[in-house]
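query.json follows (JSON, C-alpha atoms):
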```json
[["chain", "number", "residue", "atom", "x", "y", "z"],
["Q", 752, "MET", "CA", -140.38, 1.44, -53.16],
["Q", 753, "ILE", "CA", -139.23, 4.13, -50.73],
["Q", 754, "GLY", "CA", -140.71, 3.79, -47.26],
["Q", 755, "VAL", "CA", -141.17, 6.99, -45.26],
["Q", 756, "PHE", "CA", -141.62, 6.45, -41.53],
["Q", 757, "ASP", "CA", -142.69, 8.94, -38.90],
["Q", 758, "SER", "CA", -144.29, 8.78, -35.48],
["Q", 759, "GLY", "CA", -147.19, 10.76, -36.90],
["Q", 760, "PHE", "CA", -147.58, 13.58, -39.38],
["Q", 761, "GLY", "CA", -144.35, 15.59, -39.44],
["Q", 762, "GLY", "CA", -142.87, 13.22, -41.99],
["Q", 763, "PHE", "CA", -145.35, 14.61, -44.49],
["Q", 764, "THR", "CA", -143.20, 17.76, -44.73],
["Q", 765, "VAL", "CA", -140.32, 15.50, -45.82],
["Q", 766, "LEU", "CA", -142.48, 13.45, -48.19],
["Q", 767, "SER", "CA", -143.77, 16.68, -49.76],
["Q", 768, "ALA", "CA", -140.19, 17.72, -50.47],
["Q", 769, "PHE", "CA", -139.46, 14.27, -51.94],
["Q", 770, "LEU", "CA", -142.44, 14.53, -54.27],
["Q", 771, "ASP", "CA", -141.37, 18.02, -55.37],
["Q", 772, "ARG", "CA", -137.86, 16.84, -56.21],
["Q", 773, "LEU", "CA", -138.23, 13.09, -56.91],
["Q", 774, "PRO", "CA", -141.84, 12.47, -57.99],
["Q", 775, "GLN", "CA", -141.05, 9.47, -60.18],
["Q", 776, "TYR", "CA", -140.52, 6.99, -57.35],
["Q", 777, "ASP", "CA", -143.08, 4.85, -55.51],
["Q", 778, "TYR", "CA", -143.59, 5.88, -51.88],
["Q", 779, "LEU", "CA", -145.22, 4.22, -48.87],
["Q", 780, "TYR", "CA", -145.82, 6.52, -45.90],
["Q", 781, "LEU", "CA", -146.36, 5.01, -42.47],
["Q", 782, "GLY", "CA", -147.39, 7.16, -39.51],
["Q", 783, "ASP", "CA", -147.37, 5.48, -36.11],
["Q", 784, "THR", "CA", -150.06, 7.86, -34.90],
["Q", 785, "ALA", "CA", -151.40, 5.46, -32.25],
["Q", 786, "ARG", "CA", -148.18, 5.89, -30.24],
["Q", 787, "ALA", "CA", -147.24, 9.45, -31.16],
["Q", 788, "PRO", "CA", -145.55, 11.66, -30.21],
["Q", 789, "TYR", "CA", -142.24, 9.85, -29.81],
["Q", 790, "GLY", "CA", -140.44, 12.90, -28.46],
["Q", 791, "ASN", "CA", -141.39, 12.36, -24.82],
["Q", 792, "HIS", "CA", -140.45, 8.65, -24.73],
["Q", 793, "ASP", "CA", -137.11, 7.22, -23.60],
["Q", 794, "LYS", "CA", -134.53, 5.91, -26.05],
["Q", 795, "ALA", "CA", -135.40, 2.22, -25.55],
["Q", 796, "THR", "CA", -139.06, 2.83, -26.35],
["Q", 797, "ILE", "CA", -138.27, 4.96, -29.39],
["Q", 798, "LEU", "CA", -135.94, 2.25, -30.67],
["Q", 799, "GLU", "CA", -138.57, -0.46, -30.17],
["Q", 800, "TYR", "CA", -141.32, 1.50, -31.91],
["Q", 801, "THR", "CA", -139.07, 2.56, -34.79],
["Q", 802, "ARG", "CA", -137.80, -1.00, -35.30],
["Q", 803, "GLU", "CA", -141.38, -2.24, -35.66],
["Q", 804, "GLY", "CA", -142.17, 0.47, -38.22],
["Q", 805, "VAL", "CA", -139.05, -0.14, -40.29],
["Q", 806, "GLU", "CA", -139.50, -3.92, -40.32],
["Q", 807, "PHE", "CA", -143.10, -3.47, -41.43],
["Q", 808, "LEU", "CA", -142.06, -1.21, -44.33],
["Q", 809, "PHE", "CA", -139.46, -3.74, -45.44],
["Q", 810, "SER", "CA", -142.14, -6.45, -45.29],
["Q", 811, "GLN", "CA", -144.31, -4.34, -47.62],
["Q", 812, "GLY", "CA", -141.60, -4.20, -50.27],
["Q", 813, "ALA", "CA", -139.62, -1.09, -49.39],
["Q", 814, "SER", "CA", -135.95, -1.31, -50.32],
["Q", 815, "LEU", "CA", -135.07, 2.04, -48.78],
["Q", 816, "VAL", "CA", -136.62, 3.43, -45.59],
["Q", 817, "ILE", "CA", -136.30, 7.07, -44.57],
["Q", 818, "LEU", "CA", -136.80, 7.90, -40.91],
["Q", 819, "ALA", "CA", -138.58, 11.20, -41.56],
["Q", 820, "CYS", "CA", -138.51, 11.97, -37.86],
["Q", 821, "ASN", "CA", -135.72, 13.67, -35.93],
["Q", 822, "THR", "CA", -136.57, 11.78, -32.75],
["Q", 823, "ALA", "CA", -136.35, 8.39, -34.46],
["Q", 824, "SER", "CA", -133.25, 9.40, -36.43],
["Q", 825, "SER", "CA", -131.54, 10.65, -33.25],
["Q", 826, "ASN", "CA", -132.39, 7.67, -31.08],
["Q", 827, "ALA", "CA", -132.73, 4.65, -33.38],
["Q", 828, "LEU", "CA", -131.01, 5.03, -36.76],
["Q", 829, "ARG", "CA", -127.51, 3.81, -35.85],
["Q", 830, "GLU", "CA", -128.83, 0.85, -33.89],
["Q", 831, "LEU", "CA", -131.23, -0.24, -36.63],
["Q", 832, "GLN", "CA", -128.59, 0.08, -39.33],
["Q", 833, "GLU", "CA", -126.34, -2.23, -37.32],
["Q", 834, "GLU", "CA", -129.15, -4.63, -36.48],
["Q", 835, "LEU", "CA", -131.01, -4.83, -39.80],
["Q", 836, "ILE", "CA", -128.66, -3.65, -42.55],
["Q", 837, "ARG", "CA", -125.03, -4.26, -41.63],
["Q", 838, "LYS", "CA", -125.18, -8.02, -41.31],
["Q", 839, "PRO", "CA", -124.26, -10.87, -43.64],
["Q", 840, "GLY", "CA", -126.58, -11.39, -46.57],
["Q", 841, "VAL", "CA", -128.26, -7.97, -46.55],
["Q", 842, "LYS", "CA", -127.32, -6.11, -49.72],
["Q", 843, "ASP", "CA", -130.61, -4.82, -51.06],
["Q", 844, "LYS", "CA", -131.92, -2.63, -48.20],
["Q", 845, "ASN", "CA", -130.95, 0.53, -46.37],
["Q", 846, "ILE", "CA", -132.23, 2.92, -43.70],
["Q", 847, "LEU", "CA", -131.50, 6.64, -43.78],
["Q", 848, "GLY", "CA", -132.47, 9.46, -41.45],
["Q", 849, "VAL", "CA", -132.79, 13.24, -41.44],
["Q", 850, "VAL", "CA", -130.10, 14.25, -38.95],
["Q", 851, "ILE", "CA", -127.00, 13.55, -41.05],
["Q", 852, "PRO", "CA", -128.22, 15.45, -44.17],
["Q", 853, "ILE", "CA", -129.05, 18.46, -41.99],
["Q", 854, "ALA", "CA", -125.68, 18.31, -40.21],
["Q", 855, "GLU", "CA", -123.90, 18.12, -43.57],
["Q", 856, "GLU", "CA", -125.80, 21.16, -44.80],
["Q", 857, "VAL", "CA", -124.86, 23.09, -41.65],
["Q", 858, "GLY", "CA", -121.24, 22.26, -42.43],
["Q", 859, "ARG", "CA", -121.60, 23.55, -45.99],
["Q", 860, "LEU", "CA", -123.15, 26.80, -44.80],
["Q", 861, "LYS", "CA", -120.17, 27.39, -42.47],
["Q", 862, "LYS", "CA", -122.16, 29.44, -39.96],
["Q", 863, "LYS", "CA", -120.66, 29.21, -36.49],
["Q", 864, "GLU", "CA", -123.36, 30.58, -34.18],
["Q", 865, "LEU", "CA", -126.09, 27.94, -34.25],
["Q", 866, "ALA", "CA", -129.45, 27.46, -32.53],
["Q", 867, "LEU", "CA", -131.66, 24.37, -32.55],
["Q", 868, "ILE", "CA", -135.19, 23.53, -31.45],
["Q", 869, "GLY", "CA", -136.54, 20.00, -31.23],
["Q", 870, "THR", "CA", -138.31, 17.44, -29.08],
["Q", 871, "ARG", "CA", -136.97, 16.54, -25.65],
["Q", 872, "ALA", "CA", -135.63, 13.25, -27.01],
["Q", 873, "THR", "CA", -133.80, 14.88, -29.93],
["Q", 874, "VAL", "CA", -132.25, 17.61, -27.81],
["Q", 875, "GLY", "CA", -131.40, 15.17, -25.03],
["Q", 876, "SER", "CA", -129.66, 12.77, -27.43],
["Q", 877, "GLY", "CA", -126.94, 15.32, -28.25],
["Q", 878, "VAL", "CA", -126.76, 13.83, -31.74],
["Q", 879, "TYR", "CA", -126.74, 17.14, -33.59],
["Q", 880, "GLN", "CA", -123.70, 18.37, -31.66],
["Q", 881, "LYS", "CA", -121.86, 15.14, -32.54],
["Q", 882, "GLU", "CA", -122.87, 15.09, -36.21],
["Q", 883, "ILE", "CA", -122.18, 18.77, -36.87],
["Q", 884, "GLU", "CA", -118.70, 18.36, -35.33],
["Q", 885, "LYS", "CA", -117.87, 15.99, -38.20],
["Q", 886, "HIS", "CA", -118.40, 18.79, -40.73],
["Q", 887, "LEU", "CA", -117.71, 22.05, -38.92],
["Q", 888, "LYS", "CA", -115.16, 23.23, -36.37],
["Q", 889, "GLY", "CA", -115.34, 26.09, -33.90],
["Q", 890, "PHE", "CA", -119.11, 26.42, -33.79],
["Q", 891, "HIS", "CA", -121.38, 27.09, -30.82],
["Q", 892, "LEU", "CA", -124.76, 25.35, -30.62],
["Q", 893, "GLU", "CA", -127.60, 26.36, -28.29],
["Q", 894, "GLN", "CA", -130.52, 23.91, -28.06],
["Q", 895, "VAL", "CA", -134.04, 24.26, -26.67],
["Q", 896, "ALA", "CA", -136.67, 21.52, -26.32],
["Q", 897, "CYS", "CA", -140.16, 22.61, -27.44],
["Q", 898, "PRO", "CA", -142.56, 19.86, -26.29],
["Q", 899, "LEU", "CA", -145.76, 21.88, -26.81],
["Q", 900, "LEU", "CA", -145.31, 22.60, -30.51],
["Q", 901, "VAL", "CA", -146.04, 19.13, -31.92],
["Q", 902, "PRO", "CA", -149.47, 18.66, -30.26],
["Q", 903, "LEU", "CA", -150.46, 22.23, -31.12],
["Q", 904, "ILE", "CA", -149.54, 21.75, -34.77],
["Q", 905, "GLU", "CA", -151.37, 18.41, -34.96],
["Q", 906, "GLU", "CA", -154.49, 19.99, -33.48],
["Q", 907, "GLY", "CA", -154.50, 22.47, -36.36],
["Q", 908, "TRP", "CA", -153.43, 25.40, -34.18],
["Q", 909, "ALA", "CA", -150.12, 26.03, -35.96],
["Q", 910, "HIS", "CA", -150.95, 29.59, -36.95],
["Q", 911, "SER", "CA", -153.02, 30.55, -33.92],
["Q", 912, "MET", "CA", -152.04, 33.42, -31.64],
["Q", 913, "GLU", "CA", -151.52, 30.92, -28.80],
["Q", 914, "THR", "CA", -148.99, 28.90, -30.79],
["Q", 915, "LYS", "CA", -147.20, 32.02, -32.00],
["Q", 916, "ARG", "CA", -146.90, 33.20, -28.40],
["Q", 917, "ILE", "CA", -145.53, 29.84, -27.23],
["Q", 918, "LEU", "CA", -143.09, 29.70, -30.16],
["Q", 919, "LYS", "CA", -141.87, 33.18, -29.30],
["Q", 920, "ASP", "CA", -141.31, 32.13, -25.69],
["Q", 921, "TYR", "CA", -139.31, 29.09, -26.79],
["Q", 922, "LEU", "CA", -137.20, 31.11, -29.23],
["Q", 923, "ARG", "CA", -136.57, 34.13, -26.99],
["Q", 924, "PRO", "CA", -133.44, 32.74, -25.24],
["Q", 925, "LEU", "CA", -132.03, 31.64, -28.60],
["Q", 926, "LYS", "CA", -132.71, 34.97, -30.30],
["Q", 927, "PHE", "CA", -130.96, 36.73, -27.42],
["Q", 928, "ARG", "CA", -127.72, 35.03, -28.55],
["Q", 929, "ASN", "CA", -128.07, 36.34, -32.14],
["Q", 930, "PRO", "CA", -127.53, 33.02, -33.95],
["Q", 931, "GLU", "CA", -126.68, 32.97, -37.64],
["Q", 932, "LEU", "CA", -128.66, 29.77, -38.24],
["Q", 933, "LEU", "CA", -131.73, 28.17, -36.63],
["Q", 934, "ILE", "CA", -132.13, 24.42, -37.12],
["Q", 935, "PRO", "CA", -135.77, 23.24, -36.79],
["Q", 936, "ALA", "CA", -134.93, 19.71, -35.64],
["Q", 937, "CYS", "CA", -138.43, 18.28, -35.84],
["Q", 938, "THR", "CA", -140.24, 17.53, -39.09],
["Q", 939, "HIS", "CA", -143.39, 19.19, -37.75],
["Q", 940, "TYR", "CA", -141.69, 22.56, -37.49],
["Q", 941, "PRO", "CA", -141.55, 23.52, -41.20],
["Q", 942, "ILE", "CA", -145.27, 24.25, -40.79],
["Q", 943, "LEU", "CA", -144.06, 27.21, -38.71],
["Q", 944, "GLN", "CA", -141.32, 28.28, -41.12],
["Q", 945, "LYS", "CA", -142.69, 31.79, -41.61],
["Q", 946, "GLU", "CA", -143.40, 32.27, -37.90],
["Q", 947, "MET", "CA", -139.91, 31.09, -36.93],
["Q", 948, "GLN", "CA", -138.32, 33.50, -39.39],
["Q", 949, "GLN", "CA", -140.43, 36.39, -38.15],
["Q", 950, "VAL", "CA", -139.43, 35.76, -34.54],
["Q", 951, "MET", "CA", -135.73, 35.28, -35.25],
["Q", 952, "GLY", "CA", -135.40, 38.23, -37.63],
["Q", 953, "LYS", "CA", -133.40, 38.80, -40.80],
["Q", 954, "ARG", "CA", -130.01, 38.10, -39.25],
["Q", 955, "THR", "CA", -130.89, 34.44, -38.62],
["Q", 956, "LEU", "CA", -131.38, 31.95, -41.44],
["Q", 957, "VAL", "CA", -134.07, 29.37, -40.61],
["Q", 958, "LEU", "CA", -133.02, 26.17, -42.36],
["Q", 959, "LYS", "CA", -135.56, 24.62, -44.76],
["Q", 960, "THR", "CA", -134.98, 21.09, -43.60],
["Q", 961, "GLY", "CA", -137.36, 19.25, -45.93],
["Q", 962, "GLU", "CA", -135.57, 20.63, -48.99],
["Q", 963, "VAL", "CA", -132.22, 19.70, -47.46],
["Q", 964, "VAL", "CA", -133.26, 16.08, -46.87],
["Q", 965, "ALA", "CA", -134.78, 15.75, -50.37],
["Q", 966, "LYS", "CA", -131.58, 17.03, -51.99],
["Q", 967, "SER", "CA", -129.58, 14.57, -49.88],
["Q", 968, "LEU", "CA", -131.78, 11.67, -50.99],
["Q", 969, "GLU", "CA", -131.32, 12.66, -54.62],
["Q", 970, "ASP", "CA", -127.54, 12.74, -54.15],
["Q", 971, "TYR", "CA", -127.61, 9.38, -52.35],
["Q", 972, "LEU", "CA", -129.45, 7.71, -55.23],
["Q", 973, "LYS", "CA", -126.97, 9.14, -57.73],
["Q", 974, "ARG", "CA", -124.09, 7.69, -55.70],
["Q", 975, "HIS", "CA", -125.81, 4.29, -55.28],
["Q", 976, "PRO", "CA", -127.09, 3.23, -58.72],
["Q", 977, "ASP", "CA", -127.73, -0.35, -57.54],
["Q", 978, "MET", "CA", -130.26, 0.93, -55.01],
["Q", 979, "GLU", "CA", -131.73, 3.41, -57.49],
["Q", 980, "LYS", "CA", -132.35, 0.61, -60.00],
["Q", 981, "ARG", "CA", -134.24, -1.43, -57.39],
["Q", 982, "LEU", "CA", -136.74, 1.36, -56.78],
["Q", 983, "GLU", "CA", -139.93, 1.23, -58.83],
["Q", 984, "LYS", "CA", -140.81, 4.39, -60.73],
["Q", 985, "LYS", "CA", -144.55, 4.27, -61.30],
["Q", 986, "GLY", "CA", -145.24, 7.33, -59.17],
["Q", 987, "SER", "CA", -147.51, 5.42, -56.80],
["Q", 988, "ARG", "CA", -148.25, 6.67, -53.25],
["Q", 989, "LYS", "CA", -149.59, 4.57, -50.39],
["Q", 990, "PHE", "CA", -150.49, 5.81, -46.92],
["Q", 991, "MET", "CA", -150.82, 3.81, -43.73],
["Q", 992, "SER", "CA", -151.56, 4.70, -40.12],
["Q", 993, "THR", "CA", -151.65, 2.78, -36.86],
["Q", 994, "ASP", "CA", -154.67, 4.80, -35.70],
["Q", 995, "ASP", "CA", -157.98, 5.98, -37.13],
["Q", 996, "ALA", "CA", -157.66, 6.44, -40.90],
["Q", 997, "GLU", "CA", -160.20, 9.25, -41.21],
["Q", 998, "LYS", "CA", -158.56, 11.26, -38.45],
["Q", 999, "PHE", "CA", -155.23, 10.66, -40.15],
["Q", 1000, "LYS", "CA", -156.56, 12.09, -43.42],
["Q", 1001, "GLU", "CA", -158.04, 15.10, -41.65],
["Q", 1002, "ILE", "CA", -154.87, 16.06, -39.78],
["Q", 1003, "SER", "CA", -152.56, 15.32, -42.71],
["Q", 1004, "ARG", "CA", -154.08, 18.23, -44.65],
["Q", 1005, "HIS", "CA", -152.16, 20.59, -42.38],
["Q", 1006, "PHE", "CA", -148.87, 19.01, -43.48],
["Q", 1007, "PHE", "CA", -149.21, 17.56, -46.97],
["Q", 1008, "LYS", "CA", -149.64, 19.77, -50.00],
["Q", 1009, "HIS", "CA", -150.09, 16.88, -52.44],
["Q", 1010, "PRO", "CA", -153.23, 14.78, -53.02],
["Q", 1011, "LEU", "CA", -153.79, 12.15, -50.33],
["Q", 1012, "GLY", "CA", -155.41, 8.93, -51.43],
["Q", 1013, "GLU", "CA", -156.91, 6.20, -49.31],
["Q", 1014, "VAL", "CA", -155.35, 5.55, -45.92],
["Q", 1015, "GLN", "CA", -155.07, 2.00, -44.63],
["Q", 1016, "ARG", "CA", -155.12, 1.38, -40.89],
["Q", 1017, "ILE", "CA", -152.57, -1.24, -39.88],
["Q", 1018, "HIS", "CA", -151.31, -2.89, -36.72],
["Q", 1019, "LEU", "CA", -147.57, -3.06, -36.12],
["Q", 1020, "PRO", "CA", -146.53, -6.48, -34.81],
["Q", 1021, "SER", "CA", -144.34, -6.20, -31.71]]
```
Could you rewrite the structure in this file as structure tokens?
Amino acid sequence: MIGVFDSGFGGFTVLSAFLDRLPQYDYLYLGDTARAPYGNHDKATILEYTREGVEFLFSQGASLVILACNTASSNALRELQEELIRKPGVKDKNILGVVIPIAEEVGRLKKKELALIGTRATVGSGVYQKEIEKHLKGFHLEQVACPLLVPLIEEGWAHSMETKRILKDYLRPLKFRNPELLIPACTHYPILQKEMQQVMGKRTLVLKTGEVVAKSLEDYLKRHPDMEKRLEKKGSRKFMSTDDAEKFKEISRHFFKHPLGEVQRIHLPS
């Protein structure tokens, strides 16, 4: 089983891309909606919350967990890989994130004038600068934190005039620099793909991050046949939330284009 973890609902944009490209696998989606959003928490809190989510997914039978959250990937992935995966006796599990696949894609595109929007925690971590440097030289990256976008999207206001106005205000200083590529470094933001492209104009490519991460997962499974063989392929989907299940189902419709079955409310042990 592939576990998909997010602080709330943005991970559904990643799961949707997985189901488009890799529908044969079993997936378990866990949204820690009771403690979302993660983007305004400090690193220690993000690490603690993410650890609890990952350990729960492993306990439910996941062999591979995807942190479908830029904030968690930026602030917890390396630590959890060291703590839970890279230790004696662990050979049948792994944790992957969304930052490295996106950084690798930026390197392949070879565009040097880059812009990025994300949560305060993602921007503050500096992880994208570090990861892109591994794949691309001589680039310039401008980053802007956009803390209002996640709550607006989750309230169903993604395409409202108010959200479009706020998005335009966030993007204005980036557009002024005429970037070749905009990186939406939050899994909520693909909901605003069209709006971001309209604001930035034709000169700027707005990266389709869900598709990038899905292609990376496909490539990973091809390179790691032992892991691929461990994953069940019955096409099952399970959904869990740490908050109200009915509210979870209602909000998820803004993010998830595939059928959503029953949602189980769970408590993450600390």
Would you mind listing, for every residue of range 897-953 of chain Q within 10 Å of range 960-983 of chain Q, the two atoms forming the shortest contact and the distance between them in Å to one decimal, using all atoms listed in the file, sorted by chain and ascending residue number, as JSON lines?
```
{"residue": "Q:Ile934", "atom": "CA", "partner": "Q:Thr960", "partner_atom": "CA", "distance": 7.8}
{"residue": "Q:Pro935", "atom": "CA", "partner": "Q:Thr960", "partner_atom": "CA", "distance": 7.2}
{"residue": "Q:Ala936", "atom": "CA", "partner": "Q:Thr960", "partner_atom": "CA", "distance": 8.1}
{"residue": "Q:Cys937", "atom": "CA", "partner": "Q:Thr960", "partner_atom": "CA", "distance": 8.9}
{"residue": "Q:Thr938", "atom": "CA", "partner": "Q:Gly961", "partner_atom": "CA", "distance": 7.6}
{"residue": "Q:Tyr940", "atom": "CA", "partner": "Q:Thr960", "partner_atom": "CA", "distance": 9.2}
{"residue": "Q:Pro941", "atom": "CA", "partner": "Q:Thr960", "partner_atom": "CA", "distance": 7.4}
{"residue": "Q:Gln944", "atom": "CA", "partner": "Q:Thr960", "partner_atom": "CA", "distance": 9.9}
```
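In terms of minimum interatomic distance to Arg1004 in chain Q, Q:Ile904 ranks closest within Q:Glu803, Q:Ile904, Q:Ile853, Q:Glu893, counting all atoms listed in the file.
Pairwise distance (CA of Val857 in chain Q, CA of Arg871 in chain Q) equals 21.1 Å.
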Arg829 in chain Q surroundings by all atoms listed in the file, 12 Å radius, close-in-sequence under 6 positions cut, as a CSV table (one decimal) with C-alpha atoms, keeping the file's coordinate frame:
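Below you can see part35.csv, which holds the result:
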```
chain,number,residue,atom,x,y,z
Q,798,LEU,CA,-135.9,2.2,-30.7
Q,801,THR,CA,-139.1,2.6,-34.8
Q,802,ARG,CA,-137.8,-1.0,-35.3
Q,818,LEU,CA,-136.8,7.9,-40.9
Q,823,ALA,CA,-136.4,8.4,-34.5
Q,835,LEU,CA,-131.0,-4.8,-39.8
Q,836,ILE,CA,-128.7,-3.6,-42.6
Q,837,ARG,CA,-125.0,-4.3,-41.6
Q,845,ASN,CA,-131.0,0.5,-46.4
Q,846,ILE,CA,-132.2,2.9,-43.7
Q,847,LEU,CA,-131.5,6.6,-43.8
Q,848,GLY,CA,-132.5,9.5,-41.4
Q,850,VAL,CA,-130.1,14.2,-39.0
Q,851,ILE,CA,-127.0,13.6,-41.0
Q,878,VAL,CA,-126.8,13.8,-31.7
```
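Counting all atoms listed in the file, the residue from Q:Val957, Q:Ala866, Q:Leu943, Q:Leu860 that sits nearest to Phe927 in chain Q is Q:Ala866.
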Please define a box with edges along x, y and z of the file around all atoms of range 837-850 of chain Q given in the file, extend it by 6 Å on each side, and return its centre and edge lengths in Å to one decimal, as AutoDock Vina command-line options.
```
--center_x -128.5 --center_y 1.4 --center_z -45.0 --size_x 20.5 --size_y 37.6 --size_z 24.1
```
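Closest approach to Gln948 in chain Q from the set Q:Lys915, Q:Lys1000, Q:Arg928, Q:Lys985 is made by Q:Lys915, with distances taken over all atoms listed in the file.
Between CA of Glu834 in chain Q and CA of Gln1015 in chain Q the separation is 28.0 Å.
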Add whatever atoms are absent from range 810-831 of chain Q to reach N, CA and C atoms, and provide the output as a short mmCIF file (atom, residue, chain, number, x, y, z; two decimals), keeping the file's coordinate frame.
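So the final result, stored in selection-v1.cif, reads:
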```
data_model
loop_
_atom_site.label_atom_id
_atom_site.label_comp_id
_atom_site.auth_asym_id
_atom_site.auth_seq_id
_atom_site.Cartn_x
_atom_site.Cartn_y
_atom_site.Cartn_z
N SER Q 810 -141.25 -5.33 -44.97
CA SER Q 810 -142.14 -6.45 -45.29
C SER Q 810 -143.13 -6.09 -46.39
N GLN Q 811 -143.39 -4.80 -46.58
CA GLN Q 811 -144.31 -4.34 -47.62
C GLN Q 811 -143.62 -4.07 -48.95
N GLY Q 812 -142.31 -4.33 -49.01
CA GLY Q 812 -141.60 -4.20 -50.27
C GLY Q 812 -140.68 -3.00 -50.39
N ALA Q 813 -140.54 -2.23 -49.33
CA ALA Q 813 -139.62 -1.09 -49.39
C ALA Q 813 -138.18 -1.59 -49.41
N SER Q 814 -137.38 -1.02 -50.30
CA SER Q 814 -135.95 -1.31 -50.32
C SER Q 814 -135.17 -0.27 -49.52
N LEU Q 815 -135.70 0.94 -49.48
CA LEU Q 815 -135.07 2.04 -48.78
C LEU Q 815 -136.09 2.67 -47.84
N VAL Q 816 -135.73 2.81 -46.57
CA VAL Q 816 -136.62 3.43 -45.59
C VAL Q 816 -135.98 4.71 -45.08
N ILE Q 817 -136.74 5.78 -45.10
CA ILE Q 817 -136.30 7.07 -44.57
C ILE Q 817 -136.99 7.31 -43.25
N LEU Q 818 -136.23 7.49 -42.20
CA LEU Q 818 -136.80 7.90 -40.91
C LEU Q 818 -137.03 9.40 -40.98
N ALA Q 819 -138.24 9.78 -41.37
CA ALA Q 819 -138.58 11.20 -41.56
C ALA Q 819 -139.02 11.81 -40.24
N CYS Q 820 -138.20 11.59 -39.24
CA CYS Q 820 -138.51 11.97 -37.86
C CYS Q 820 -137.18 12.20 -37.16
N ASN Q 821 -136.97 13.39 -36.63
CA ASN Q 821 -135.72 13.67 -35.93
C ASN Q 821 -135.56 12.81 -34.69
N THR Q 822 -136.65 12.58 -33.97
CA THR Q 822 -136.57 11.78 -32.75
C THR Q 822 -136.13 10.36 -33.06
N ALA Q 823 -136.74 9.74 -34.07
CA ALA Q 823 -136.35 8.39 -34.46
C ALA Q 823 -134.94 8.36 -35.02
N SER Q 824 -134.59 9.33 -35.85
CA SER Q 824 -133.25 9.40 -36.43
C SER Q 824 -132.20 9.56 -35.34
N SER Q 825 -132.50 10.38 -34.32
CA SER Q 825 -131.54 10.65 -33.25
C SER Q 825 -131.35 9.47 -32.32
N ASN Q 826 -132.40 8.69 -32.12
CA ASN Q 826 -132.39 7.67 -31.08
C ASN Q 826 -132.41 6.23 -31.58
N ALA Q 827 -132.57 6.02 -32.90
CA ALA Q 827 -132.73 4.65 -33.38
C ALA Q 827 -131.96 4.32 -34.65
N LEU Q 828 -131.57 5.32 -35.43
CA LEU Q 828 -131.01 5.03 -36.76
C LEU Q 828 -129.77 4.15 -36.69
N ARG Q 829 -128.77 4.56 -35.90
CA ARG Q 829 -127.51 3.81 -35.85
C ARG Q 829 -127.75 2.37 -35.43
N GLU Q 830 -128.57 2.19 -34.40
CA GLU Q 830 -128.83 0.85 -33.89
C GLU Q 830 -129.53 -0.02 -34.93
N LEU Q 831 -130.50 0.54 -35.64
CA LEU Q 831 -131.23 -0.24 -36.63
C LEU Q 831 -130.39 -0.54 -37.86
#
```
